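Asker: My questions will all concern the structure given below.
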Amino acid sequence: MKITENQIAQVNKTSLSFHKTSYDYIANTLSEKGHDVKGIIDKLTNFQVAIPSWALGAGGTRFGRFSFYGEPSNLEQKLEDVGLLHALTQTAGAISLHIPWDVPEDYNAIKELASSLDLKFDAVNSNTFQDQKNAKESYKYGSLSNSSQGVREQAIAHNINVIKIGKKLGSKALTVWLADGSTFPGQSNFQSALSNTENSLKEIYKNIPDDWKLLIEYKPYEPNFYSTVIQDWGTSFMLANACGDKAFTLVDLGHHLPNTNIEQIVSTLMLKGKLGGFHFNDSKYGDDDLTVGSIKPYALFLIFNELVYGMENNPQNPDLAWMIDASHNIKDPLEDLIQSLEAIQEAYAKALLVDQNSLRTAQQEHDVVRCQEIIQEAYRTDVRPLLEKARLERGGALQPIAAYRALKVRNQLLKERGKHTQATGL
Ligand code: PSV
Ligand code: MN
Ligand code: MN
């Protein structure tokens with residue numbers, strides 16, 4: 001199924017007048033305060049977030065999985081789903097594939113489909129956390145860090161193959177997330193595991209094309225519950241430095257222990273020119289799959305504040321690969337992704353409203369109260385009409401969830417795909 005601009009325009013009619021009133025109000029207020037409203041809208045319009053192929057079906061836990069009808073069951077359908085999201089939101093212009101879950105059969109056909117939906121291929125993700133059918137070696141005790149050379153070689157070869165697949169699609173980055181670690185004290189030699197990982201990553205790095213990035217993700221725990229080899233940003237940063245200029249750290253919001261100051265991590269990495277990618281989600285405890293902005297929207301805004309600062313002041317840091325990385329159990333995955341996209345844009349728009357010059361002055365004057373006022377002034381602004389305007393200008397929906405429901409997208413997918421479909425993925 002495809003949503004046409006005409007269908008969206010029809011649905012938009014119902015909220016157009018309300019949008020105009022609220023947009024005029026906020027645009028006038030912000031202009032009076034000296035903001036460049038047009039510039040903000042342009043930035044929102046250009047901010048595209050990749051959707052991972054594994055977020056389009058209902059996720060599961062180890063206790064069970066409740067499938068959602070009409071889920072995509074092949075790569076074409078996953079692209080179609082992202083196309084639907086992009087048509088409605090105009091902010092999901094890329095898809096991130098996980099190999100071997102999403103190996104294309106016909107590359108030309110897949111590329112044509114993607115371009116007809118206005119989608120690019122974002123980073124490709126390797127998978128060395130599951131054993132594949134007929135694989136010679138098992139990843140039960142790790143992959144790139146494994147004490148067995150045979151296992152490491154198999155994992156390296158897989159990553160090189162993922163790069164090859166990504167090249168054919170036009171991707172420009174390989175994301176490596178490792179499940180490697182140990183579950184019991186004494187199980188693994190920390191130093192050997194880290195050295196093996198570094199050497200394996202260096203082998204993979206030799207195959208990274210000059211216009212690509214190697215993105216190294218970290219995570220403190222899960223699936224291993226005692227130690228993880230790449231447990232934090234420092235370890236990832238160290239490995240990226242050991243690999244070279246095309247290797248970067250990737251920050252995934254959910255991959256931190258509770259209360260970690262993620263905005264400070266972002267800021268440090270950007271100062272050093274080593275932040276390469278960002279995975280959005282939210283978490284209450286130690287999870288990494290909740291809808292972006294559903295638990296800690298203020299923390300998300302503070303992170304965006306540092307990202308915006310870095311994008312404006314750190315030319316040494318490359319453009320970032322943005323992706324939503326969440327896949328959970330009970331909502332319609334497409335509605336959930338729309339909510340996440342909205343939360344990301346909202347946090348970004350608010351961060352763009354921070355008066356950086358006044359903040360710098362207040363910081364230098366040690367006017368702590370004023371510093372907080374400046375930050376919160378931006379956070380408390382209702383920026384939703386700006387998001388609506390950005391979507392409207394590109395032919396998107398004023399109210400994406402309402403439009404999704406009005407157009408009965410899920411029912412249509414159910415009719416086309418059937419009830420008992422299941423997406424591959426986490
Ligand atoms: C596992 O935690 C994970 O969510 C990582 O964040 C990766 O980015 C993703 O799976 C895909 O491998
Ligand atoms: Mn991730
Ligand atoms: Mn994760």
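Chains: A, B, ... in order of the structure tokens. Residues: from 1 per chain. Ligands: from 1, in order shown.
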Write out as a PyMOL selection string all residues of segment 108-356 of chain A that DSSP puts in strand (DSSP E) for this structure's backbone.

Answerer: chain A and resi 120-126+173-176+181-182+213-217+227-228+247-252+275-280+321-324

Asker: How close does chain A get to ligand 2? List, as a tab-separated table, each residue of chain A within 6 Å, its nearest atom pair and the distance in Å to one decimal, counting only C-alpha atoms and all ligand atoms.

Answerer:
residue	atom	partner	partner_atom_place_in_ligand_line	distance
A:Asp252	CA	ligand 2	1 (Mn)	5.0
A:His279	CA	ligand 2	1 (Mn)	5.3
A:Asp325	CA	ligand 2	1 (Mn)	5.3

Asker: Please write the residues from the selection above to a file, keeping N, CA and C atoms, as a compact mmCIF listing (two decimals), in the first residue's frame.

Answerer:
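Written out: again33.txt:
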# COMPACT_ATOMS: atom_id res chain seq x y z
N ASP A 252 23.68 4.93 21.85
CA ASP A 252 22.28 4.48 21.85
C ASP A 252 21.72 4.89 23.21
N HIS A 279 21.33 6.38 18.31
CA HIS A 279 20.12 5.56 18.30
C HIS A 279 19.14 6.10 19.35
N ASP A 325 15.94 3.27 17.50
CA ASP A 325 16.23 1.85 17.77
C ASP A 325 15.32 1.39 18.91

Asker: Pick out the residues sitting within 7 Å of Pro333 of chain A, and hand them over as a PDB file with C-alpha atoms, in the first residue's frame; count only C-alpha atoms, and ignore anything fewer than 5 positions along from it in its own chain.

Answerer:
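Everything below was put into selection_21.pdb:
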ATOM      1  CA  ALA A  55      11.219  -2.039  14.417  1.00  0.00           C
ATOM      2  CA  LEU A  56       8.385  -2.630  11.971  1.00  0.00           C
ATOM      3  CA  GLY A  57       7.016  -5.720  13.630  1.00  0.00           C
ATOM      4  CA  ALA A  58       5.957  -6.204  17.228  1.00  0.00           C
TER       5      ALA A  58
END

Asker: Write down as a PDB file with C-alpha atoms, in the first residue's frame the residues belonging to segment 208-374 of chain A that are assigned alpha helix (DSSP H) by DSSP computed on the backbone.

Answerer:
ATOM      1  CA  TRP A 233      31.496   5.151  25.590  1.00  0.00           C
ATOM      2  CA  GLY A 234      35.085   5.182  26.821  1.00  0.00           C
ATOM      3  CA  THR A 235      35.695   1.657  25.561  1.00  0.00           C
ATOM      4  CA  SER A 236      34.007   2.419  22.253  1.00  0.00           C
ATOM      5  CA  PHE A 237      35.994   5.666  21.907  1.00  0.00           C
ATOM      6  CA  MET A 238      39.241   3.843  22.607  1.00  0.00           C
ATOM      7  CA  LEU A 239      38.447   1.199  19.994  1.00  0.00           C
ATOM      8  CA  ALA A 240      37.409   3.818  17.435  1.00  0.00           C
ATOM      9  CA  ASN A 241      40.700   5.638  17.994  1.00  0.00           C
ATOM     10  CA  ALA A 242      42.613   2.387  17.639  1.00  0.00           C
ATOM     11  CA  CYS A 243      40.895   1.689  14.303  1.00  0.00           C
ATOM     12  CA  ILE A 262      24.199  11.214  28.353  1.00  0.00           C
ATOM     13  CA  GLU A 263      24.297  14.839  27.206  1.00  0.00           C
ATOM     14  CA  GLN A 264      27.771  15.173  28.651  1.00  0.00           C
ATOM     15  CA  ILE A 265      28.918  12.056  26.811  1.00  0.00           C
ATOM     16  CA  VAL A 266      27.555  13.473  23.563  1.00  0.00           C
ATOM     17  CA  SER A 267      29.319  16.731  24.166  1.00  0.00           C
ATOM     18  CA  THR A 268      32.683  15.113  24.939  1.00  0.00           C
ATOM     19  CA  LEU A 269      32.533  12.901  21.864  1.00  0.00           C
ATOM     20  CA  MET A 270      31.641  15.794  19.581  1.00  0.00           C
ATOM     21  CA  LEU A 271      34.473  17.905  20.964  1.00  0.00           C
ATOM     22  CA  PRO A 297      11.559  14.069  27.472  1.00  0.00           C
ATOM     23  CA  TYR A 298      13.579  16.683  29.369  1.00  0.00           C
ATOM     24  CA  ALA A 299      16.694  14.503  29.228  1.00  0.00           C
ATOM     25  CA  LEU A 300      16.119  14.084  25.500  1.00  0.00           C
ATOM     26  CA  PHE A 301      15.920  17.852  25.102  1.00  0.00           C
ATOM     27  CA  LEU A 302      19.156  18.354  27.060  1.00  0.00           C
ATOM     28  CA  ILE A 303      20.866  15.813  24.815  1.00  0.00           C
ATOM     29  CA  PHE A 304      19.592  17.652  21.753  1.00  0.00           C
ATOM     30  CA  ASN A 305      20.840  20.876  23.223  1.00  0.00           C
ATOM     31  CA  GLU A 306      24.365  19.419  23.190  1.00  0.00           C
ATOM     32  CA  LEU A 307      23.860  17.920  19.737  1.00  0.00           C
ATOM     33  CA  VAL A 308      22.754  21.283  18.368  1.00  0.00           C
ATOM     34  CA  TYR A 309      25.689  22.992  20.058  1.00  0.00           C
ATOM     35  CA  GLY A 310      28.040  20.379  18.605  1.00  0.00           C
ATOM     36  CA  MET A 311      26.549  20.604  15.116  1.00  0.00           C
ATOM     37  CA  GLU A 312      27.072  24.363  15.196  1.00  0.00           C
ATOM     38  CA  ASN A 313      30.464  24.499  16.899  1.00  0.00           C
ATOM     39  CA  PRO A 333       4.696  -0.508  15.526  1.00  0.00           C
ATOM     40  CA  LEU A 334       3.969   2.164  12.922  1.00  0.00           C
ATOM     41  CA  GLU A 335       2.000   4.312  15.345  1.00  0.00           C
ATOM     42  CA  ASP A 336       4.783   3.893  17.862  1.00  0.00           C
ATOM     43  CA  LEU A 337       7.388   5.013  15.338  1.00  0.00           C
ATOM     44  CA  ILE A 338       5.292   8.051  14.435  1.00  0.00           C
ATOM     45  CA  GLN A 339       5.216   8.982  18.115  1.00  0.00           C
ATOM     46  CA  SER A 340       8.982   8.555  18.338  1.00  0.00           C
ATOM     47  CA  LEU A 341       9.600  10.665  15.247  1.00  0.00           C
ATOM     48  CA  GLU A 342       7.415  13.412  16.682  1.00  0.00           C
ATOM     49  CA  ALA A 343       9.261  13.321  20.018  1.00  0.00           C
ATOM     50  CA  ILE A 344      12.634  13.567  18.266  1.00  0.00           C
ATOM     51  CA  GLN A 345      11.561  16.539  16.175  1.00  0.00           C
ATOM     52  CA  GLU A 346      10.046  18.195  19.207  1.00  0.00           C
ATOM     53  CA  ALA A 347      13.233  17.885  21.248  1.00  0.00           C
ATOM     54  CA  TYR A 348      15.281  19.103  18.290  1.00  0.00           C
ATOM     55  CA  ALA A 349      13.018  22.119  17.704  1.00  0.00           C
ATOM     56  CA  LYS A 350      13.181  23.076  21.377  1.00  0.00           C
ATOM     57  CA  ALA A 351      16.962  22.781  21.381  1.00  0.00           C
ATOM     58  CA  LEU A 352      17.082  25.087  18.357  1.00  0.00           C
ATOM     59  CA  GLN A 356      23.115  30.174  22.834  1.00  0.00           C
ATOM     60  CA  ASN A 357      24.603  33.679  23.037  1.00  0.00           C
ATOM     61  CA  SER A 358      22.674  34.670  26.150  1.00  0.00           C
ATOM     62  CA  LEU A 359      23.457  31.293  27.681  1.00  0.00           C
ATOM     63  CA  ARG A 360      27.172  31.783  27.086  1.00  0.00           C
ATOM     64  CA  THR A 361      27.014  35.241  28.701  1.00  0.00           C
ATOM     65  CA  ALA A 362      25.081  33.946  31.696  1.00  0.00           C
ATOM     66  CA  GLN A 363      27.578  31.097  32.075  1.00  0.00           C
ATOM     67  CA  GLN A 364      30.485  33.519  32.029  1.00  0.00           C
ATOM     68  CA  VAL A 368      23.227  30.057  37.449  1.00  0.00           C
ATOM     69  CA  VAL A 369      19.567  30.984  37.733  1.00  0.00           C
ATOM     70  CA  ARG A 370      19.613  32.763  34.388  1.00  0.00           C
ATOM     71  CA  CYS A 371      21.301  29.763  32.756  1.00  0.00           C
ATOM     72  CA  GLN A 372      18.489  27.533  33.920  1.00  0.00           C
ATOM     73  CA  GLU A 373      15.862  30.075  32.858  1.00  0.00           C
ATOM     74  CA  ILE A 374      17.278  30.225  29.332  1.00  0.00           C
TER      75      ILE A 374
END

Asker: Using only C-alpha atoms and all ligand atoms, which of A:Asp367, A:Glu377, A:Glu416, A:Asp289 sits nearest ligand 1?

Answerer: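 So, comparing all the options, the nearest one is A:Asp289.
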
Asker: Quick one: residues within 10 Å of ligand 1, with only C-alpha atoms and all ligand atoms, as a PDB file with C-alpha atoms, in the first residue's frame?

Answerer:
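What follows is the written file result_39.pdb:
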ATOM      1  CA  PRO A  52      15.510   0.113  11.476  1.00  0.00           C
ATOM      2  CA  SER A  53      14.064  -2.827   9.620  1.00  0.00           C
ATOM      3  CA  TRP A  54      13.562  -4.644  12.945  1.00  0.00           C
ATOM      4  CA  ALA A  55      11.219  -2.039  14.417  1.00  0.00           C
ATOM      5  CA  SER A  96      18.684   0.710   8.272  1.00  0.00           C
ATOM      6  CA  LEU A  97      19.041  -2.976   7.408  1.00  0.00           C
ATOM      7  CA  HIS A  98      20.167  -5.837   9.598  1.00  0.00           C
ATOM      8  CA  ILE A  99      22.095  -8.612   7.914  1.00  0.00           C
ATOM      9  CA  VAL A 124      23.977  -1.588   7.648  1.00  0.00           C
ATOM     10  CA  ASN A 125      24.066  -3.639  10.858  1.00  0.00           C
ATOM     11  CA  SER A 126      25.940  -6.883  11.307  1.00  0.00           C
ATOM     12  CA  ASN A 127      24.664  -9.728  13.425  1.00  0.00           C
ATOM     13  CA  THR A 128      27.148 -11.806  15.365  1.00  0.00           C
ATOM     14  CA  PHE A 129      24.850 -12.337  18.327  1.00  0.00           C
ATOM     15  CA  THR A 175      27.229  -0.392  12.694  1.00  0.00           C
ATOM     16  CA  VAL A 176      28.747  -3.010  14.948  1.00  0.00           C
ATOM     17  CA  TRP A 177      26.906  -3.904  18.114  1.00  0.00           C
ATOM     18  CA  LEU A 178      28.369  -6.827  20.006  1.00  0.00           C
ATOM     19  CA  ALA A 179      26.602  -9.008  22.532  1.00  0.00           C
ATOM     20  CA  ILE A 216      30.951   1.144  17.250  1.00  0.00           C
ATOM     21  CA  GLU A 217      28.048   0.786  19.676  1.00  0.00           C
ATOM     22  CA  TYR A 218      28.378   0.171  23.410  1.00  0.00           C
ATOM     23  CA  LYS A 219      26.018  -1.270  25.983  1.00  0.00           C
ATOM     24  CA  PRO A 220      26.583  -1.912  29.695  1.00  0.00           C
ATOM     25  CA  TYR A 221      24.784  -5.232  29.973  1.00  0.00           C
ATOM     26  CA  GLU A 222      22.340  -7.618  28.304  1.00  0.00           C
ATOM     27  CA  PRO A 223      22.437 -10.272  27.013  1.00  0.00           C
ATOM     28  CA  LEU A 250      27.647   5.345  18.351  1.00  0.00           C
ATOM     29  CA  VAL A 251      25.495   6.413  21.279  1.00  0.00           C
ATOM     30  CA  ASP A 252      22.282   4.478  21.853  1.00  0.00           C
ATOM     31  CA  LEU A 253      20.123   6.250  24.440  1.00  0.00           C
ATOM     32  CA  GLY A 254      18.998   3.055  26.138  1.00  0.00           C
ATOM     33  CA  HIS A 255      22.513   1.730  26.576  1.00  0.00           C
ATOM     34  CA  PHE A 278      22.845   8.065  17.450  1.00  0.00           C
ATOM     35  CA  HIS A 279      20.115   5.560  18.301  1.00  0.00           C
ATOM     36  CA  PHE A 280      16.919   6.964  19.812  1.00  0.00           C
ATOM     37  CA  ASN A 281      14.642   5.193  22.269  1.00  0.00           C
ATOM     38  CA  ASP A 287      15.516  -1.257  28.970  1.00  0.00           C
ATOM     39  CA  ASP A 288      16.266   0.136  25.507  1.00  0.00           C
ATOM     40  CA  ASP A 289      13.025  -0.176  23.596  1.00  0.00           C
ATOM     41  CA  MET A 323      18.209   6.183  13.830  1.00  0.00           C
ATOM     42  CA  ILE A 324      15.323   5.082  16.015  1.00  0.00           C
ATOM     43  CA  ASP A 325      16.230   1.852  17.774  1.00  0.00           C
ATOM     44  CA  ALA A 326      13.168   0.565  19.558  1.00  0.00           C
ATOM     45  CA  SER A 327      10.996  -2.438  19.098  1.00  0.00           C
ATOM     46  CA  GLY A 425      14.017  -9.174  14.041  1.00  0.00           C
ATOM     47  CA  LEU A 426      14.859  -8.812  17.663  1.00  0.00           C
TER      48      LEU A 426
END

Asker: Any idea what's packed within 10 Å of segment 200-210 of chain A, counting only C-alpha atoms, ignoring anything in its chain fewer than 3 positions away? Could you give it as a ChimeraX atom specification?

Answerer: /A:143-146,149,152-153,155-161,163-164,167,172-174,176,194-197,213-214,216,239-240,242-247

Asker: Would you mind exporting the chosen residues as a PDB file, in the first residue's frame, restricted to C-alpha atoms?

Answerer:
ATOM      1  CA  SER A 143      32.150 -13.243  18.402  1.00  0.00           C
ATOM      2  CA  LEU A 144      34.847 -10.628  17.752  1.00  0.00           C
ATOM      3  CA  SER A 145      36.169 -11.155  21.289  1.00  0.00           C
ATOM      4  CA  ASN A 146      36.040 -14.953  21.303  1.00  0.00           C
ATOM      5  CA  GLN A 149      40.415 -17.723  16.328  1.00  0.00           C
ATOM      6  CA  ARG A 152      36.643 -14.492  15.385  1.00  0.00           C
ATOM      7  CA  GLU A 153      37.448 -15.121  11.746  1.00  0.00           C
ATOM      8  CA  ALA A 155      32.584 -12.943  12.699  1.00  0.00           C
ATOM      9  CA  ILE A 156      35.074 -10.749  10.831  1.00  0.00           C
ATOM     10  CA  ALA A 157      34.123 -12.378   7.526  1.00  0.00           C
ATOM     11  CA  HIS A 158      30.448 -11.721   8.275  1.00  0.00           C
ATOM     12  CA  ASN A 159      31.116  -8.024   8.863  1.00  0.00           C
ATOM     13  CA  ILE A 160      33.090  -7.794   5.620  1.00  0.00           C
ATOM     14  CA  ASN A 161      30.183  -9.396   3.828  1.00  0.00           C
ATOM     15  CA  ILE A 163      29.975  -4.063   4.020  1.00  0.00           C
ATOM     16  CA  LYS A 164      29.740  -5.634   0.553  1.00  0.00           C
ATOM     17  CA  LYS A 167      27.989  -1.018  -0.860  1.00  0.00           C
ATOM     18  CA  LYS A 172      27.700   4.631   3.941  1.00  0.00           C
ATOM     19  CA  ALA A 173      28.257   3.054   7.337  1.00  0.00           C
ATOM     20  CA  LEU A 174      28.575  -0.248   9.141  1.00  0.00           C
ATOM     21  CA  VAL A 176      28.747  -3.010  14.948  1.00  0.00           C
ATOM     22  CA  LEU A 194      39.235  -6.582  24.731  1.00  0.00           C
ATOM     23  CA  SER A 195      42.448  -7.179  22.760  1.00  0.00           C
ATOM     24  CA  ASN A 196      40.711  -9.728  20.559  1.00  0.00           C
ATOM     25  CA  THR A 197      37.891  -7.280  19.928  1.00  0.00           C
ATOM     26  CA  LYS A 213      32.137   5.112   8.681  1.00  0.00           C
ATOM     27  CA  LEU A 214      32.545   2.269  11.122  1.00  0.00           C
ATOM     28  CA  ILE A 216      30.951   1.144  17.250  1.00  0.00           C
ATOM     29  CA  LEU A 239      38.447   1.199  19.994  1.00  0.00           C
ATOM     30  CA  ALA A 240      37.409   3.818  17.435  1.00  0.00           C
ATOM     31  CA  ALA A 242      42.613   2.387  17.639  1.00  0.00           C
ATOM     32  CA  CYS A 243      40.895   1.689  14.303  1.00  0.00           C
ATOM     33  CA  GLY A 244      41.373   5.114  12.713  1.00  0.00           C
ATOM     34  CA  ASP A 245      39.736   8.236  11.285  1.00  0.00           C
ATOM     35  CA  LYS A 246      36.726   6.475   9.783  1.00  0.00           C
ATOM     36  CA  ALA A 247      35.721   4.820  13.061  1.00  0.00           C
TER      37      ALA A 247
END

Asker: Pick the closest to Glu393 of chain A from A:Ala27, A:Thr89, A:Ser138, A:Glu32: which is it, counting only C-alpha atoms?

Answerer: A:Thr89

Asker: Just want the 10 Å neighbourhood of Ile41 of chain A, counted on only C-alpha atoms, with same-chain residues fewer than 6 positions away dropped. Output as a list in words.

Answerer: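 What passes the distance filter is Phe47, Ala349, Leu386, Leu387, Glu388, Lys389, Ala390, Arg391 and Glu393 of chain A.
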
Asker: Between A:Phe184, A:Gly93, A:Leu88, A:Pro100, which is the closest to Val11 of chain A once you count only C-alpha atoms?

Answerer: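 When distances to Val11 of chain A are compared using only C-alpha atoms, the smallest one comes from A:Leu88.
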